[in-house]
Amino acid sequence: MNYQDINSETIDRWVDEGWEWGIPISRETYLRALGGDFDVLLTPTKPVPHGWLGDVRGKKLLGLASGGGQQMPIFAALGADCTVLDYSERQLESERLVAEREGYDIRIVKADMSKPLPFSDGEFDIIFHPVSNCYIEEVGPVFGECFRILKPGGRLLSGLDNGVNFIVSDDETRIVNTLPFNPLKNPGQMKSLLADDSGVQFSHTLDEQIGGQLRAGFVLKDIYEDTNGSGYLHEHNIPSFFATLSVKPEQ
C-alpha cells in the first residue's frame with residue numbers, strides 16, 4: 001500500500017472516531033451563512049479574512065483536500081458553484097450528508113491531490129486549500145496544478161504547516177526530531193507515526209511552500225500565522241501554521 005492510501009484509510013478511521021475536522025457543520029451554522037454570517041478556517045483557530053474570498057456568489061470554487069462538511073457548505077450557502085476533492089471517502093460522505101440535508105448541489109470528487117488534478121485548465125475562480133500538504137511528500141506539483149486549473153485572476157487560499165509540530169515531543173516541551181521530517185526516507189519516523197496511528201506525514205519548508213507558489217507563477221498577496229489551538233506551543237503563542245492568499249496574474 002502506498003502512503004497516500006495509508007493516509008486515506010487513517011483519516012477515514014479518525015472521522016469514525018470523532019475527528020474535529022470531520023464533523024459536519026450544523027443546520028444552524030448553515031442558516032447563519034445563508035444570511036451572510038459566517039467564518040471559515042484554513043488553519044486551526046484564525047478565521048480567514050472575508051476580503052481574501054471576496055464575493056463568491058456565482059464563482060466556481062474548488063475545496064482542495066477540503067472534505068468534512070465544514071467549509072464547502074458555507075460557500076454553497078454564499079452562492080458559490082462548489083466542487084470538493086478529497087481522498088478520504090468518509091470526509092466526502094460528510095459533504096454528501098450536508099448537501100442532502102440542506103438541498104444544494106455540489107460536485108464531489110475522490111482523488112489523490114499528489115497526482116495531476118482531474119480538472120480542465122482555467123476551470124476555477126477560487127481554490128480553498130486547508131492544511132493538508134503535510135500528508136504528501138512533494139508540494140510543488142500541487143501548486144503547479146492549482147495554477148493550471150485557476151482562471152487568470154483566480155485566487156488560491158492555502159493553509160500550511162511550518163514544521164514546528166514535527167520536531168517536538170508529544171507534550172510539545174522537547175525537541176526530539178530533526179528536519180526535514182520524511183518517513184519515506186527515515187524508517188524510525190515511519191515506525192513512530194504508524195505506532196501512533198498518525199498516518200504518513202511530512203514537514204515542508206517555506207521554500208517549498210511559499211517558494212513553490214511563486215515558482216508556479218502565483219503572486220503572494222497576504223499571509224498570517226496561527227497556533228495549534230491547544231497544548232504547550234499554543235499556550236506560549238508559538239505559531240505552527242500559516243495561511244497564504246495568492247493570485248494567478250491576469251496575463
# chains A, B, ... in the order shown; residues from 1 in each chain; ligands from 1

call {"tool": "residues_around", "arguments": {"residues": "Leu53 of chain A", "least_positions_apart": "6", "cutoff": "10 Å", "atoms": "only C-alpha atoms", "output": "number ranges by chain"}}
result
A: 75, 126-128, 155-157, 245

call {"tool": "closest_residue", "arguments": {"among": "A:Gly163, A:Gly154, A:Pro130, A:Gly140", "to": "Leu214 of chain A", "atoms": "only C-alpha atoms"}}
result
A:Gly140

call {"tool": "atom_distance", "arguments": {"atom1": "atom CA of Ser169 of chain A", "atom2": "atom CA of Gln189 of chain A"}}
result
12.5 Å

call {"tool": "closest_residue", "arguments": {"among": "A:Gly22, A:Gly122, A:Gly217, A:Gly159", "to": "Leu42 of chain A", "atoms": "only C-alpha atoms"}}
result
A:Gly159

call {"tool": "closest_residue", "arguments": {"among": "A:Tyr224, A:Tyr135, A:Pro116, A:Glu235", "to": "Asp171 of chain A", "atoms": "only C-alpha atoms"}}
result
A:Glu235

call {"tool": "residues_around", "arguments": {"residues": "Pro183 of chain A", "least_positions_apart": "3", "cutoff": "12 Å", "atoms": "only C-alpha atoms", "output": "list of chain:residue names"}}
result
A:Tyr3, A:Cys134, A:Tyr135, A:Ile136, A:Glu137, A:Phe166, A:Asn177, A:Thr178, A:Leu179, A:Pro180, A:Asn186, A:Pro187, A:Gly188, A:Gln189, A:Met190, A:Lys191, A:Ser192, A:Leu193, A:Leu194, A:Ser198, A:Gly199, A:Val200, A:Gln201, A:Phe202, A:Ser203
